[in-house]
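Undergrad: The structure that follows is given in the form of structure tokens.
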Amino acid sequence: MPFLIDLLGRIEKMKVKYFPDTDTALIEFTDREVYETKEISEDIYVDLDQNGNLVNMTIEHAKAKVGLREFSYQEMVPSLE
């Protein structure tokens, strides 16, 4: 998955949205226009821009598949060594 390998250097913003009525998680990485959607595996999809860069990731049945009860977020700051 080359579009995921180079992702860390190009994240403009990131939003995580959860829709409880459909048990769907949507991770938005940028505001760029979606050119195509690829199915990575059953219930996991990625949206790519015209250059093949990752725009969004959708995970259907998110809580049900992993038994998720809580979501937390931690931003990692690079060390200054």
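Here, A, B, ... name the chains of the structure tokens in the order displayed, residue numbers run from 1 inside each chain, and ligands are numbered from 1 in the same displayed order.
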With only C-alpha atoms as the counted atoms, please give the residues lying no more than 10 Å from region 21-30 of chain A, apart from itself and same-chain residues fewer than 4 positions off, as a count of residues only.
TA: 29
Undergrad: Provide the CA of Pro20 (chain A) to CA of Arg69 (chain A) distance in Å, to one decimal place.
TA: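 Going from CA of Pro20 (chain A) over to CA of Arg69 (chain A) covers 11.8 Å.
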Undergrad: Please indicate the distance in Å from CA of Gly52 (chain A) to CA of Tyr35 (chain A), rounded to one decimal place.
TA: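 Between CA of Gly52 (chain A) and CA of Tyr35 (chain A) the gap works out to 8.3 Å.
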Undergrad: What parts of region 3-66 of chain A does DSSP call strand (DSSP E or B)? I'd like the answer as a PyMOL selection string.
TA: chain A and resi 15-19+24-28+36-41+44-48+54-60
Undergrad: Residues of the last selection are to be written out with N, CA and C atoms, as a compact mmCIF listing (two decimals), in the first residue's frame.
TA:
# COMPACT_ATOMS: atom_id res chain seq x y z
N LYS A 15 -9.36 14.31 10.81
CA LYS A 15 -10.60 14.29 11.58
C LYS A 15 -11.08 12.85 11.62
N VAL A 16 -11.57 12.46 12.78
CA VAL A 16 -12.17 11.14 12.91
C VAL A 16 -13.63 11.35 13.27
N LYS A 17 -14.51 10.77 12.46
CA LYS A 17 -15.95 10.87 12.71
C LYS A 17 -16.50 9.47 12.90
N TYR A 18 -17.40 9.34 13.86
CA TYR A 18 -18.05 8.05 14.10
C TYR A 18 -19.56 8.24 13.98
N PHE A 19 -20.18 7.36 13.20
CA PHE A 19 -21.62 7.40 12.96
C PHE A 19 -22.25 6.18 13.64
N THR A 24 -20.09 3.17 11.66
CA THR A 24 -19.07 3.48 10.65
C THR A 24 -18.12 4.55 11.17
N ALA A 25 -16.83 4.31 10.99
CA ALA A 25 -15.81 5.30 11.33
C ALA A 25 -15.26 5.88 10.03
N LEU A 26 -15.14 7.19 9.99
CA LEU A 26 -14.58 7.88 8.83
C LEU A 26 -13.39 8.69 9.30
N ILE A 27 -12.24 8.43 8.73
CA ILE A 27 -11.03 9.18 9.05
C ILE A 27 -10.71 10.04 7.85
N GLU A 28 -10.76 11.36 8.05
CA GLU A 28 -10.49 12.31 6.97
C GLU A 28 -9.09 12.87 7.16
N GLU A 36 -11.06 8.41 -6.63
CA GLU A 36 -11.51 7.02 -6.67
C GLU A 36 -11.50 6.41 -5.28
N THR A 37 -12.31 5.38 -5.11
CA THR A 37 -12.39 4.64 -3.85
C THR A 37 -11.93 3.21 -4.11
N LYS A 38 -11.07 2.69 -3.21
CA LYS A 38 -10.59 1.32 -3.34
C LYS A 38 -10.99 0.53 -2.10
N GLU A 39 -11.42 -0.70 -2.34
CA GLU A 39 -11.75 -1.59 -1.23
C GLU A 39 -10.46 -2.28 -0.80
N ILE A 40 -10.06 -2.07 0.45
CA ILE A 40 -8.84 -2.68 0.98
C ILE A 40 -9.13 -4.09 1.47
N SER A 41 -10.23 -4.23 2.18
CA SER A 41 -10.73 -5.53 2.62
C SER A 41 -12.23 -5.33 2.88
N ILE A 44 -13.55 -2.12 4.69
CA ILE A 44 -12.52 -1.06 4.80
C ILE A 44 -12.24 -0.52 3.41
N TYR A 45 -12.42 0.81 3.28
CA TYR A 45 -12.28 1.48 2.00
C TYR A 45 -11.38 2.70 2.16
N VAL A 46 -10.61 3.01 1.12
CA VAL A 46 -9.82 4.24 1.11
C VAL A 46 -10.21 5.06 -0.10
N ASP A 47 -10.27 6.36 0.11
CA ASP A 47 -10.53 7.31 -0.97
C ASP A 47 -9.21 7.97 -1.33
N LEU A 48 -8.93 8.03 -2.63
CA LEU A 48 -7.68 8.58 -3.13
C LEU A 48 -7.96 9.80 -4.00
N LEU A 54 -3.81 9.43 -0.28
CA LEU A 54 -4.91 9.11 0.61
C LEU A 54 -5.67 10.36 1.03
N VAL A 55 -6.99 10.32 0.91
CA VAL A 55 -7.87 11.42 1.31
C VAL A 55 -8.66 11.00 2.55
N ASN A 56 -9.35 9.86 2.50
CA ASN A 56 -10.19 9.36 3.60
C ASN A 56 -10.02 7.85 3.74
N MET A 57 -10.39 7.35 4.91
CA MET A 57 -10.51 5.91 5.13
C MET A 57 -11.83 5.67 5.84
N THR A 58 -12.60 4.70 5.35
CA THR A 58 -13.89 4.36 5.94
C THR A 58 -13.82 2.93 6.47
N ILE A 59 -14.27 2.76 7.72
CA ILE A 59 -14.33 1.44 8.33
C ILE A 59 -15.77 1.19 8.73
N GLU A 60 -16.41 0.27 8.03
CA GLU A 60 -17.80 -0.09 8.33
C GLU A 60 -17.82 -1.14 9.42
